[in-house]
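Raw final15.txt, compact mmCIF, C-alpha atoms:
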```txt
# COMPACT_ATOMS: atom_id res chain seq x y z
CA MET A 4 -29.25 -44.48 -31.35
CA GLU A 5 -31.57 -45.85 -34.03
CA THR A 6 -34.22 -46.50 -31.39
CA VAL A 7 -34.08 -42.91 -30.12
CA VAL A 8 -34.28 -41.46 -33.64
CA PHE A 9 -37.22 -43.73 -34.48
CA TYR A 10 -39.23 -42.79 -31.40
CA VAL A 11 -38.52 -39.05 -31.68
CA PHE A 12 -39.54 -38.84 -35.34
CA ALA A 13 -42.49 -41.23 -34.96
CA ALA A 14 -43.78 -38.96 -32.18
CA LEU A 15 -43.25 -35.89 -34.39
CA ALA A 16 -45.10 -37.55 -37.27
CA LEU A 17 -48.03 -38.44 -35.02
CA ALA A 18 -48.12 -34.94 -33.52
CA GLY A 19 -48.12 -33.40 -36.99
CA ALA A 20 -50.90 -35.71 -38.15
CA LEU A 21 -53.04 -34.87 -35.12
CA MET A 22 -52.44 -31.15 -35.73
CA VAL A 23 -53.49 -31.51 -39.39
CA ILE A 24 -56.93 -32.77 -38.43
CA SER A 25 -57.43 -30.42 -35.47
CA PHE A 26 -56.50 -26.93 -36.73
CA LYS A 27 -59.22 -24.64 -38.05
CA ASN A 28 -56.92 -22.69 -40.36
CA PRO A 29 -55.86 -24.58 -43.52
CA VAL A 30 -52.45 -22.84 -43.54
CA SER A 31 -51.64 -24.21 -40.06
CA SER A 32 -52.80 -27.65 -41.18
CA ALA A 33 -50.58 -27.48 -44.27
CA LEU A 34 -47.52 -26.58 -42.20
CA SER A 35 -48.26 -29.44 -39.76
CA LEU A 36 -48.50 -31.77 -42.73
CA VAL A 37 -44.99 -30.65 -43.74
CA LEU A 38 -43.83 -31.73 -40.26
CA THR A 39 -45.38 -35.18 -40.72
CA LEU A 40 -43.95 -35.63 -44.22
CA PHE A 41 -40.48 -34.54 -43.12
CA SER A 42 -40.50 -36.92 -40.12
CA THR A 43 -41.57 -39.72 -42.45
CA ALA A 44 -38.62 -38.88 -44.70
CA VAL A 45 -36.29 -39.32 -41.71
CA LEU A 46 -37.88 -42.71 -41.03
CA PHE A 47 -37.22 -43.62 -44.69
CA VAL A 48 -33.55 -42.88 -44.12
CA LEU A 49 -33.63 -45.23 -41.11
CA LEU A 50 -35.09 -47.87 -43.45
CA LEU A 51 -32.11 -47.39 -45.82
CA ALA A 52 -34.36 -45.85 -48.48
CA HIS A 53 -32.17 -42.84 -49.20
CA PHE A 54 -33.40 -41.99 -52.70
CA VAL A 55 -37.04 -42.30 -51.67
CA ALA A 56 -36.40 -40.03 -48.69
CA VAL A 57 -35.00 -37.31 -50.95
CA ILE A 58 -37.97 -37.72 -53.32
CA GLN A 59 -40.32 -37.45 -50.34
CA ILE A 60 -38.83 -34.11 -49.29
CA LEU A 61 -38.55 -32.68 -52.81
CA VAL A 62 -41.91 -33.75 -54.20
CA TYR A 63 -44.18 -34.18 -51.20
CA ALA A 64 -42.95 -31.66 -48.64
CA GLY A 65 -41.87 -29.30 -51.41
CA ALA A 66 -44.05 -29.33 -54.49
CA ILE A 67 -47.36 -30.72 -53.22
CA MET A 68 -47.40 -28.55 -50.10
CA ILE A 69 -46.55 -25.47 -52.17
CA LEU A 70 -49.57 -26.36 -54.30
CA PHE A 71 -51.80 -26.49 -51.20
CA LEU A 72 -50.47 -23.21 -49.78
CA PHE A 73 -50.71 -21.52 -53.17
CA THR A 74 -54.36 -22.53 -53.48
CA VAL A 75 -55.19 -21.29 -49.98
CA MET A 76 -53.55 -17.94 -50.74
CA PHE A 77 -55.18 -17.80 -54.19
CA LEU A 78 -58.68 -18.29 -52.77
CA ASN A 79 -58.16 -15.32 -50.45
CA LEU A 80 -60.26 -16.88 -47.69
CA LYS A 81 -61.80 -14.71 -45.03
CA PRO A 82 -61.51 -15.81 -41.38
CA GLU A 83 -65.25 -16.47 -41.17
CA SER A 84 -65.03 -19.02 -43.98
CA PHE A 85 -63.10 -21.37 -41.65
CA LYS A 86 -66.00 -21.56 -39.22
CA PHE A 87 -68.19 -24.55 -39.89
CA GLU A 88 -70.50 -26.02 -37.34
CA SER A 89 -68.70 -29.23 -36.41
CA LYS A 90 -70.22 -32.69 -36.61
CA HIS A 91 -72.01 -34.18 -33.62
CA LEU A 92 -69.90 -35.93 -31.01
CA GLY A 93 -71.79 -39.18 -31.66
CA PHE A 94 -70.91 -38.98 -35.36
CA LYS A 95 -67.23 -38.43 -34.54
CA VAL A 96 -67.07 -41.32 -32.07
CA SER A 97 -68.88 -43.72 -34.39
CA ALA A 98 -66.66 -42.76 -37.35
CA LEU A 99 -63.56 -43.40 -35.24
CA LEU A 100 -64.93 -46.75 -34.05
CA VAL A 101 -65.74 -47.92 -37.59
CA ILE A 102 -62.26 -46.97 -38.84
CA LEU A 103 -60.62 -48.71 -35.87
CA LEU A 104 -62.72 -51.82 -36.54
CA PHE A 105 -61.62 -52.05 -40.19
CA VAL A 106 -57.96 -51.24 -39.56
CA GLY A 107 -57.84 -53.55 -36.54
CA TYR A 108 -59.36 -56.37 -38.57
CA PHE A 109 -56.72 -56.11 -41.30
CA ALA A 110 -53.91 -55.60 -38.77
CA SER A 111 -54.96 -58.72 -36.85
CA LEU A 112 -55.05 -60.68 -40.14
CA GLY A 113 -51.52 -59.51 -40.88
CA PHE A 114 -50.14 -60.38 -37.47
CA LYS A 115 -51.86 -63.76 -37.44
CA LYS A 116 -50.07 -64.67 -40.67
CA GLY A 117 -46.82 -64.30 -38.75
CA LEU A 118 -45.14 -61.40 -40.49
CA PHE A 119 -42.28 -61.39 -38.04
CA LEU A 120 -39.48 -60.68 -40.43
CA SER A 121 -36.00 -59.83 -39.34
CA ASN A 122 -34.44 -56.79 -40.91
CA ALA A 123 -30.86 -57.61 -40.04
CA SER A 124 -30.14 -59.70 -43.13
CA VAL A 125 -30.47 -57.04 -45.81
CA SER A 126 -28.50 -54.29 -44.13
CA GLU A 127 -25.35 -55.26 -45.99
CA MET A 128 -27.02 -55.63 -49.37
CA GLU A 129 -25.20 -53.69 -52.04
CA GLY A 130 -26.88 -50.65 -53.53
CA PHE A 131 -30.07 -51.00 -51.48
CA GLY A 132 -32.12 -47.82 -51.73
CA THR A 133 -29.54 -45.81 -53.65
CA VAL A 134 -30.29 -43.97 -56.88
CA GLN A 135 -28.59 -46.72 -58.84
CA GLY A 136 -30.51 -49.53 -57.15
CA VAL A 137 -33.92 -47.90 -57.41
CA GLY A 138 -33.21 -46.76 -60.97
CA THR A 139 -32.26 -50.27 -62.06
CA THR A 140 -35.44 -51.70 -60.55
CA LEU A 141 -37.58 -48.94 -62.04
CA PHE A 142 -36.21 -48.99 -65.58
CA VAL A 143 -35.58 -52.73 -65.96
CA ASP A 144 -38.38 -54.52 -64.14
CA TYR A 145 -41.07 -51.83 -64.07
CA LEU A 146 -40.59 -49.92 -67.30
CA LEU A 147 -44.17 -50.34 -68.53
CA PRO A 148 -45.83 -49.08 -65.31
CA PHE A 149 -43.40 -46.16 -65.36
CA GLU A 150 -44.45 -45.25 -68.89
CA LEU A 151 -48.13 -45.64 -67.98
CA THR A 152 -47.57 -43.10 -65.19
CA SER A 153 -46.89 -40.48 -67.86
CA ILE A 154 -50.35 -41.16 -69.32
CA LEU A 155 -51.85 -40.62 -65.87
CA ILE A 156 -50.09 -37.26 -65.58
CA LEU A 157 -51.22 -36.30 -69.08
CA VAL A 158 -54.84 -37.11 -68.15
CA ALA A 159 -54.48 -35.03 -64.97
CA ILE A 160 -53.11 -32.06 -66.92
CA ILE A 161 -55.95 -32.23 -69.46
CA GLY A 162 -58.51 -32.54 -66.66
CA VAL A 163 -57.17 -29.54 -64.78
CA VAL A 164 -57.08 -27.41 -67.94
CA ILE A 165 -60.68 -28.34 -68.79
CA ILE A 166 -61.92 -27.60 -65.25
CA ALA A 167 -60.12 -24.23 -65.19
CA LYS A 168 -61.41 -23.31 -68.66
CA LYS A 169 -65.02 -24.04 -67.73
CA ARG A 170 -64.64 -21.65 -64.81
CA ALA A 171 -63.39 -18.87 -67.06
CA ASN A 172 -66.45 -19.00 -69.34
CA MET B 4 -34.08 -52.89 -28.07
CA ASN B 5 -33.94 -53.07 -31.83
CA ILE B 6 -36.53 -51.40 -34.01
CA SER B 7 -38.29 -54.06 -36.06
CA ILE B 8 -40.69 -53.80 -38.98
CA GLU B 9 -43.70 -54.11 -36.66
CA HIS B 10 -42.91 -50.70 -35.18
CA TYR B 11 -43.12 -49.10 -38.60
CA LEU B 12 -46.30 -50.99 -39.48
CA VAL B 13 -48.01 -49.90 -36.26
CA LEU B 14 -46.97 -46.29 -36.88
CA SER B 15 -48.30 -46.57 -40.43
CA ALA B 16 -51.62 -47.97 -39.20
CA VAL B 17 -52.01 -45.18 -36.63
CA LEU B 18 -51.25 -42.51 -39.24
CA PHE B 19 -53.80 -44.15 -41.56
CA VAL B 20 -56.46 -44.08 -38.84
CA ILE B 21 -55.80 -40.39 -38.15
CA GLY B 22 -56.03 -39.60 -41.87
CA ALA B 23 -59.24 -41.57 -42.39
CA TYR B 24 -60.79 -39.88 -39.34
CA GLY B 25 -59.89 -36.49 -40.80
CA VAL B 26 -61.44 -37.38 -44.16
CA ILE B 27 -64.73 -38.41 -42.56
CA VAL B 28 -65.07 -35.84 -39.79
CA ARG B 29 -63.63 -32.57 -41.10
CA LYS B 30 -65.88 -30.33 -43.19
CA ASN B 31 -63.26 -28.04 -44.74
CA LEU B 32 -62.52 -29.39 -48.22
CA ILE B 33 -58.84 -28.36 -48.12
CA ILE B 34 -58.26 -30.26 -44.88
CA VAL B 35 -60.07 -33.30 -46.28
CA LEU B 36 -57.58 -33.31 -49.18
CA MET B 37 -54.68 -33.01 -46.72
CA SER B 38 -55.99 -35.95 -44.70
CA LEU B 39 -56.06 -37.95 -47.94
CA GLU B 40 -52.38 -37.12 -48.36
CA LEU B 41 -51.80 -38.38 -44.84
CA MET B 42 -53.42 -41.74 -45.69
CA LEU B 43 -51.34 -42.11 -48.87
CA ASN B 44 -48.21 -41.24 -46.91
CA SER B 45 -48.91 -43.91 -44.30
CA ALA B 46 -49.29 -46.48 -47.09
CA ASN B 47 -45.92 -45.33 -48.46
CA LEU B 48 -44.33 -45.91 -45.07
CA ALA B 49 -45.67 -49.47 -45.01
CA PHE B 50 -44.34 -50.08 -48.56
CA VAL B 51 -40.85 -48.91 -47.63
CA ALA B 52 -40.86 -50.87 -44.35
CA PHE B 53 -41.78 -54.10 -46.16
CA SER B 54 -39.19 -53.34 -48.80
CA ARG B 55 -36.53 -53.14 -46.10
CA ALA B 56 -37.69 -56.31 -44.38
CA LEU B 57 -37.80 -58.37 -47.57
CA GLY B 58 -34.65 -56.88 -49.09
CA ASP B 59 -36.52 -56.12 -52.31
CA MET B 60 -36.63 -52.67 -53.87
CA THR B 61 -40.05 -53.12 -55.49
CA GLY B 62 -41.58 -51.22 -52.56
CA HIS B 63 -39.51 -48.16 -53.41
CA VAL B 64 -40.76 -48.25 -57.00
CA PHE B 65 -44.35 -48.54 -55.78
CA MET B 66 -43.77 -45.59 -53.49
CA ILE B 67 -42.58 -43.45 -56.41
CA MET B 68 -45.71 -44.45 -58.37
CA SER B 69 -47.85 -43.59 -55.36
CA ILE B 70 -46.26 -40.13 -55.10
CA THR B 71 -47.10 -39.58 -58.78
CA VAL B 72 -50.70 -40.57 -58.21
CA ALA B 73 -50.87 -38.29 -55.16
CA ALA B 74 -49.55 -35.35 -57.16
CA ALA B 75 -52.10 -35.91 -59.94
CA GLU B 76 -54.89 -36.29 -57.38
CA VAL B 77 -53.94 -33.09 -55.57
CA ALA B 78 -53.76 -31.13 -58.82
CA VAL B 79 -57.24 -32.24 -59.94
CA GLY B 80 -58.68 -31.93 -56.41
CA LEU B 81 -57.43 -28.38 -55.95
CA ALA B 82 -58.72 -27.38 -59.39
CA LEU B 83 -62.15 -28.71 -58.40
CA LEU B 84 -61.87 -26.89 -55.07
CA VAL B 85 -61.17 -23.55 -56.77
CA SER B 86 -64.09 -24.17 -59.11
CA ILE B 87 -66.42 -25.03 -56.19
CA TYR B 88 -65.32 -21.97 -54.24
CA SER B 89 -65.98 -19.64 -57.14
CA HIS B 90 -69.47 -21.14 -57.58
CA ARG B 91 -70.57 -21.36 -53.96
CA GLU B 92 -68.31 -19.01 -51.98
CA SER B 93 -67.80 -21.74 -49.38
CA LEU B 94 -65.54 -24.72 -48.74
CA ASP B 95 -68.06 -26.66 -46.66
CA ILE B 96 -68.37 -30.13 -48.17
CA ASP B 97 -71.94 -30.47 -46.89
CA ILE B 98 -73.20 -27.95 -49.46
CA LEU B 99 -72.18 -30.40 -52.17
CA LYS B 100 -75.12 -32.72 -51.67
CA LEU B 101 -76.82 -31.80 -54.95
CA LEU B 102 -75.63 -33.25 -58.23
CA LYS B 103 -76.82 -30.12 -60.01
CA GLY B 104 -74.00 -27.70 -60.85
```

Please rewrite the model in this file as structure tokens.
Amino acid sequence: METVVFYVFAALALAGALMVISFKNPVSSALSLVLTLFSTAVLFVLLLAHFVAVIQILVYAGAIMILFLFTVMFLNLKPESFKFESKHLGFKVSALLVILLFVGYFASLGFKKGLFLSNASVSEMEGFGTVQGVGTTLFVDYLLPFELTSILILVAIIGVVIIAKKRAN
Amino acid sequence: MNISIEHYLVLSAVLFVIGAYGVIVRKNLIIVLMSLELMLNSANLAFVAFSRALGDMTGHVFMIMSITVAAAEVAVGLALLVSIYSHRESLDIDILKLLKG
């Protein structure tokens, strides 16, 4: 059962990711990205990360994608503004090869270290991935990074306001 | 056959490759930002998979931090995008090769 669910949603996530980078229209890409993020949330549930899965759907597939769609609608793009001359085939192939080289290098390093961990031992651990468990970890062990996150958000708000204000002048 | 952590890591690596390819190859600025989201999301999947394998919830906390960073990045990126579009009437990233505003 778990195997079937994993393969179905992994295939959906890959299909969504491929559609994101192949559609011309940004709205279609945004909706494909929702498919990928939702499938990833299902995989999080398989990994016993229930709280994180809910956060993924609420924040990522909800708020961030609304932001993307809102911006596309706000810009009021004409159909001809989606038409760019695409890059050369040689550029595409060489970009893909360089990425595969880097990712393959790090993946081979990881597998050479022998990361063959079993995931059977923690399945009975109490409170793993629940709101209580994640909350305890977040507010006891990682309180300072959590507070620093608020500074990051404050900086982002100030930056966005300044950029928008400059446009209005 | 049982699903092990390697399955999730391979899926995460493939999603990362697709996202990085989109960032480099696509010319539409909105789709470049979406491909960045894809890369961050694949890193989140690896965090949660390791968290499950090690029985440690630190990965979940890192994933929440990473979502926060992604939200801030998208907000600033889209504000820049709106500003660029109102200046240049185009979303082609290749017109942004001058540092002059």

Å distance separating atom CA of A:Ser32 from atom CA of A:Gly19, one decimal place: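 Result for atom CA of A:Ser32 versus atom CA of A:Gly19: 8.5 Å, one decimal.
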
Report the distance between atom CA of B:Asp59 and atom CA of A:Phe109 in Å, rounded to one decimal place. 23.0 Å

Write out as a ChimeraX atom specification each polymer residue whose atoms come within 12 Å of B:Ser69, counting all atoms listed in the file; drop sequence neighbours fewer than 6 positions from it. /A:55,58-59,62-63,148-149,152,155 /B:40,42-48,50-51,62-63,75-76

Would you output that residue set with C-alpha atoms, as a PDB file, in the frame of the given file?
```pdb
ATOM      1  CA  VAL A  55     -37.040 -42.300 -51.670  1.00  0.00           C
ATOM      2  CA  ILE A  58     -37.970 -37.720 -53.320  1.00  0.00           C
ATOM      3  CA  GLN A  59     -40.320 -37.450 -50.340  1.00  0.00           C
ATOM      4  CA  VAL A  62     -41.910 -33.750 -54.200  1.00  0.00           C
ATOM      5  CA  TYR A  63     -44.180 -34.180 -51.200  1.00  0.00           C
ATOM      6  CA  PRO A 148     -45.830 -49.080 -65.310  1.00  0.00           C
ATOM      7  CA  PHE A 149     -43.400 -46.160 -65.360  1.00  0.00           C
ATOM      8  CA  THR A 152     -47.570 -43.100 -65.190  1.00  0.00           C
ATOM      9  CA  LEU A 155     -51.850 -40.620 -65.870  1.00  0.00           C
TER      10      LEU A 155
ATOM     11  CA  GLU B  40     -52.380 -37.120 -48.360  1.00  0.00           C
ATOM     12  CA  MET B  42     -53.420 -41.740 -45.690  1.00  0.00           C
ATOM     13  CA  LEU B  43     -51.340 -42.110 -48.870  1.00  0.00           C
ATOM     14  CA  ASN B  44     -48.210 -41.240 -46.910  1.00  0.00           C
ATOM     15  CA  SER B  45     -48.910 -43.910 -44.300  1.00  0.00           C
ATOM     16  CA  ALA B  46     -49.290 -46.480 -47.090  1.00  0.00           C
ATOM     17  CA  ASN B  47     -45.920 -45.330 -48.460  1.00  0.00           C
ATOM     18  CA  LEU B  48     -44.330 -45.910 -45.070  1.00  0.00           C
ATOM     19  CA  PHE B  50     -44.340 -50.080 -48.560  1.00  0.00           C
ATOM     20  CA  VAL B  51     -40.850 -48.910 -47.630  1.00  0.00           C
ATOM     21  CA  GLY B  62     -41.580 -51.220 -52.560  1.00  0.00           C
ATOM     22  CA  HIS B  63     -39.510 -48.160 -53.410  1.00  0.00           C
ATOM     23  CA  ALA B  75     -52.100 -35.910 -59.940  1.00  0.00           C
ATOM     24  CA  GLU B  76     -54.890 -36.290 -57.380  1.00  0.00           C
TER      25      GLU B  76
END
```

Would you please work out which residue, of B:Met60, B:Val77, B:Met66, B:Leu101, is nearest to A:Val137 when using all atoms listed in the file?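 The answer is B:Met60, which sits nearest to A:Val137.
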
May I ask you to extract the residues of chain A within 7 Å of chain B, using all atoms listed in the file, and to give them as a VMD selection string? chain A and resid 6 17 20 to 21 24 29 50 55 67 84 90 95 98 to 99 102 to 103 120 to 122 125 132 137 140 to 141 156 159 162 to 163 166 to 167 170

Restricted to C-alpha atoms, what would the selected residues look like written as a PDB file, in the coordinates of the input?
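Listed below is the output, result12.pdb:
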```
ATOM      1  CA  THR A   6     -34.220 -46.500 -31.390  1.00  0.00           C
ATOM      2  CA  LEU A  17     -48.030 -38.440 -35.020  1.00  0.00           C
ATOM      3  CA  ALA A  20     -50.900 -35.710 -38.150  1.00  0.00           C
ATOM      4  CA  LEU A  21     -53.040 -34.870 -35.120  1.00  0.00           C
ATOM      5  CA  ILE A  24     -56.930 -32.770 -38.430  1.00  0.00           C
ATOM      6  CA  PRO A  29     -55.860 -24.580 -43.520  1.00  0.00           C
ATOM      7  CA  LEU A  50     -35.090 -47.870 -43.450  1.00  0.00           C
ATOM      8  CA  VAL A  55     -37.040 -42.300 -51.670  1.00  0.00           C
ATOM      9  CA  ILE A  67     -47.360 -30.720 -53.220  1.00  0.00           C
ATOM     10  CA  SER A  84     -65.030 -19.020 -43.980  1.00  0.00           C
ATOM     11  CA  LYS A  90     -70.220 -32.690 -36.610  1.00  0.00           C
ATOM     12  CA  LYS A  95     -67.230 -38.430 -34.540  1.00  0.00           C
ATOM     13  CA  ALA A  98     -66.660 -42.760 -37.350  1.00  0.00           C
ATOM     14  CA  LEU A  99     -63.560 -43.400 -35.240  1.00  0.00           C
ATOM     15  CA  ILE A 102     -62.260 -46.970 -38.840  1.00  0.00           C
ATOM     16  CA  LEU A 103     -60.620 -48.710 -35.870  1.00  0.00           C
ATOM     17  CA  LEU A 120     -39.480 -60.680 -40.430  1.00  0.00           C
ATOM     18  CA  SER A 121     -36.000 -59.830 -39.340  1.00  0.00           C
ATOM     19  CA  ASN A 122     -34.440 -56.790 -40.910  1.00  0.00           C
ATOM     20  CA  VAL A 125     -30.470 -57.040 -45.810  1.00  0.00           C
ATOM     21  CA  GLY A 132     -32.120 -47.820 -51.730  1.00  0.00           C
ATOM     22  CA  VAL A 137     -33.920 -47.900 -57.410  1.00  0.00           C
ATOM     23  CA  THR A 140     -35.440 -51.700 -60.550  1.00  0.00           C
ATOM     24  CA  LEU A 141     -37.580 -48.940 -62.040  1.00  0.00           C
ATOM     25  CA  ILE A 156     -50.090 -37.260 -65.580  1.00  0.00           C
ATOM     26  CA  ALA A 159     -54.480 -35.030 -64.970  1.00  0.00           C
ATOM     27  CA  GLY A 162     -58.510 -32.540 -66.660  1.00  0.00           C
ATOM     28  CA  VAL A 163     -57.170 -29.540 -64.780  1.00  0.00           C
ATOM     29  CA  ILE A 166     -61.920 -27.600 -65.250  1.00  0.00           C
ATOM     30  CA  ALA A 167     -60.120 -24.230 -65.190  1.00  0.00           C
ATOM     31  CA  ARG A 170     -64.640 -21.650 -64.810  1.00  0.00           C
TER      32      ARG A 170
END
```

As an exercise, work out the distance from atom CA of A:Thr43 to atom CA of A:Ala13 in Å and give it to one decimal place. 7.7 Å

Would you please work out which residue, of A:Val7, A:His91, A:Ala33, A:Ala56, is nearest to A:Leu70 when using all atoms listed in the file?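 Of A:Val7, A:His91, A:Ala33, A:Ala56, the one nearest A:Leu70 is A:Ala33, counting all atoms listed in the file.
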
Name the closest residue to A:Met4 among the candidates A:Leu40, A:Ile60, A:Leu49, A:Ala66; distances are taken between atoms, counting all atoms listed in the file.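 Among the listed residues, A:Leu49 lies closest to A:Met4.
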
As a PDB file, in the frame of the given file, the rebuilt stretch 68-93 of chain A with N, CA and C atoms:
```pdb
ATOM      1  N   MET A  68     -46.986 -29.495 -51.131  1.00  0.00           N
ATOM      2  CA  MET A  68     -47.400 -28.550 -50.100  1.00  0.00           C
ATOM      3  C   MET A  68     -47.431 -27.127 -50.613  1.00  0.00           C
ATOM      4  N   ILE A  69     -46.507 -26.793 -51.541  1.00  0.00           N
ATOM      5  CA  ILE A  69     -46.550 -25.470 -52.170  1.00  0.00           C
ATOM      6  C   ILE A  69     -47.878 -25.305 -52.915  1.00  0.00           C
ATOM      7  N   LEU A  70     -48.299 -26.398 -53.574  1.00  0.00           N
ATOM      8  CA  LEU A  70     -49.570 -26.360 -54.300  1.00  0.00           C
ATOM      9  C   LEU A  70     -50.734 -26.058 -53.358  1.00  0.00           C
ATOM     10  N   PHE A  71     -50.743 -26.740 -52.191  1.00  0.00           N
ATOM     11  CA  PHE A  71     -51.800 -26.490 -51.200  1.00  0.00           C
ATOM     12  C   PHE A  71     -51.763 -25.029 -50.728  1.00  0.00           C
ATOM     13  N   LEU A  72     -50.571 -24.572 -50.324  1.00  0.00           N
ATOM     14  CA  LEU A  72     -50.470 -23.210 -49.780  1.00  0.00           C
ATOM     15  C   LEU A  72     -50.827 -22.179 -50.843  1.00  0.00           C
ATOM     16  N   PHE A  73     -50.401 -22.446 -52.082  1.00  0.00           N
ATOM     17  CA  PHE A  73     -50.710 -21.520 -53.170  1.00  0.00           C
ATOM     18  C   PHE A  73     -52.216 -21.423 -53.358  1.00  0.00           C
ATOM     19  N   THR A  74     -52.912 -22.567 -53.289  1.00  0.00           N
ATOM     20  CA  THR A  74     -54.360 -22.530 -53.480  1.00  0.00           C
ATOM     21  C   THR A  74     -55.045 -21.774 -52.358  1.00  0.00           C
ATOM     22  N   VAL A  75     -54.573 -21.992 -51.102  1.00  0.00           N
ATOM     23  CA  VAL A  75     -55.190 -21.290 -49.980  1.00  0.00           C
ATOM     24  C   VAL A  75     -55.007 -19.785 -50.149  1.00  0.00           C
ATOM     25  N   MET A  76     -53.794 -19.369 -50.543  1.00  0.00           N
ATOM     26  CA  MET A  76     -53.550 -17.940 -50.740  1.00  0.00           C
ATOM     27  C   MET A  76     -54.372 -17.409 -51.914  1.00  0.00           C
ATOM     28  N   PHE A  77     -54.487 -18.209 -52.983  1.00  0.00           N
ATOM     29  CA  PHE A  77     -55.180 -17.800 -54.190  1.00  0.00           C
ATOM     30  C   PHE A  77     -56.668 -17.567 -53.927  1.00  0.00           C
ATOM     31  N   LEU A  78     -57.258 -18.419 -53.041  1.00  0.00           N
ATOM     32  CA  LEU A  78     -58.680 -18.290 -52.770  1.00  0.00           C
ATOM     33  C   LEU A  78     -58.991 -17.058 -51.940  1.00  0.00           C
ATOM     34  N   ASN A  79     -57.976 -16.521 -51.241  1.00  0.00           N
ATOM     35  CA  ASN A  79     -58.160 -15.320 -50.450  1.00  0.00           C
ATOM     36  C   ASN A  79     -59.303 -15.483 -49.435  1.00  0.00           C
ATOM     37  N   LEU A  80     -59.187 -16.535 -48.611  1.00  0.00           N
ATOM     38  CA  LEU A  80     -60.260 -16.880 -47.690  1.00  0.00           C
ATOM     39  C   LEU A  80     -60.364 -15.855 -46.575  1.00  0.00           C
ATOM     40  N   LYS A  81     -61.592 -15.589 -46.191  1.00  0.00           N
ATOM     41  CA  LYS A  81     -61.800 -14.710 -45.030  1.00  0.00           C
ATOM     42  C   LYS A  81     -61.840 -15.582 -43.776  1.00  0.00           C
ATOM     43  N   PRO A  82     -61.525 -14.990 -42.605  1.00  0.00           N
ATOM     44  CA  PRO A  82     -61.510 -15.810 -41.380  1.00  0.00           C
ATOM     45  C   PRO A  82     -62.848 -16.480 -41.091  1.00  0.00           C
ATOM     46  N   GLU A  83     -63.968 -15.843 -41.495  1.00  0.00           N
ATOM     47  CA  GLU A  83     -65.250 -16.470 -41.170  1.00  0.00           C
ATOM     48  C   GLU A  83     -65.539 -17.679 -42.049  1.00  0.00           C
ATOM     49  N   SER A  84     -64.768 -17.845 -43.142  1.00  0.00           N
ATOM     50  CA  SER A  84     -65.030 -19.020 -43.980  1.00  0.00           C
ATOM     51  C   SER A  84     -64.383 -20.283 -43.406  1.00  0.00           C
ATOM     52  N   PHE A  85     -63.620 -20.167 -42.301  1.00  0.00           N
ATOM     53  CA  PHE A  85     -63.100 -21.370 -41.650  1.00  0.00           C
ATOM     54  C   PHE A  85     -64.083 -21.920 -40.633  1.00  0.00           C
ATOM     55  N   LYS A  86     -65.128 -21.156 -40.337  1.00  0.00           N
ATOM     56  CA  LYS A  86     -66.000 -21.560 -39.220  1.00  0.00           C
ATOM     57  C   LYS A  86     -67.158 -22.371 -39.765  1.00  0.00           C
ATOM     58  N   PHE A  87     -67.072 -23.674 -39.562  1.00  0.00           N
ATOM     59  CA  PHE A  87     -68.190 -24.550 -39.890  1.00  0.00           C
ATOM     60  C   PHE A  87     -68.724 -25.069 -38.574  1.00  0.00           C
ATOM     61  N   GLU A  88     -70.024 -25.327 -38.533  1.00  0.00           N
ATOM     62  CA  GLU A  88     -70.500 -26.020 -37.340  1.00  0.00           C
ATOM     63  C   GLU A  88     -69.968 -27.446 -37.413  1.00  0.00           C
ATOM     64  N   SER A  89     -69.342 -27.922 -36.333  1.00  0.00           N
ATOM     65  CA  SER A  89     -68.700 -29.230 -36.410  1.00  0.00           C
ATOM     66  C   SER A  89     -69.746 -30.332 -36.306  1.00  0.00           C
ATOM     67  N   LYS A  90     -69.310 -31.544 -36.661  1.00  0.00           N
ATOM     68  CA  LYS A  90     -70.220 -32.690 -36.610  1.00  0.00           C
ATOM     69  C   LYS A  90     -70.562 -33.010 -35.154  1.00  0.00           C
ATOM     70  N   HIS A  91     -71.639 -33.782 -34.977  1.00  0.00           N
ATOM     71  CA  HIS A  91     -72.010 -34.180 -33.620  1.00  0.00           C
ATOM     72  C   HIS A  91     -70.938 -35.085 -33.027  1.00  0.00           C
ATOM     73  N   LEU A  92     -70.881 -35.082 -31.690  1.00  0.00           N
ATOM     74  CA  LEU A  92     -69.900 -35.930 -31.010  1.00  0.00           C
ATOM     75  C   LEU A  92     -70.161 -37.403 -31.311  1.00  0.00           C
ATOM     76  N   GLY A  93     -71.457 -37.780 -31.374  1.00  0.00           N
ATOM     77  CA  GLY A  93     -71.790 -39.180 -31.660  1.00  0.00           C
ATOM     78  C   GLY A  93     -71.294 -39.597 -33.035  1.00  0.00           C
TER      79      GLY A  93
END
```
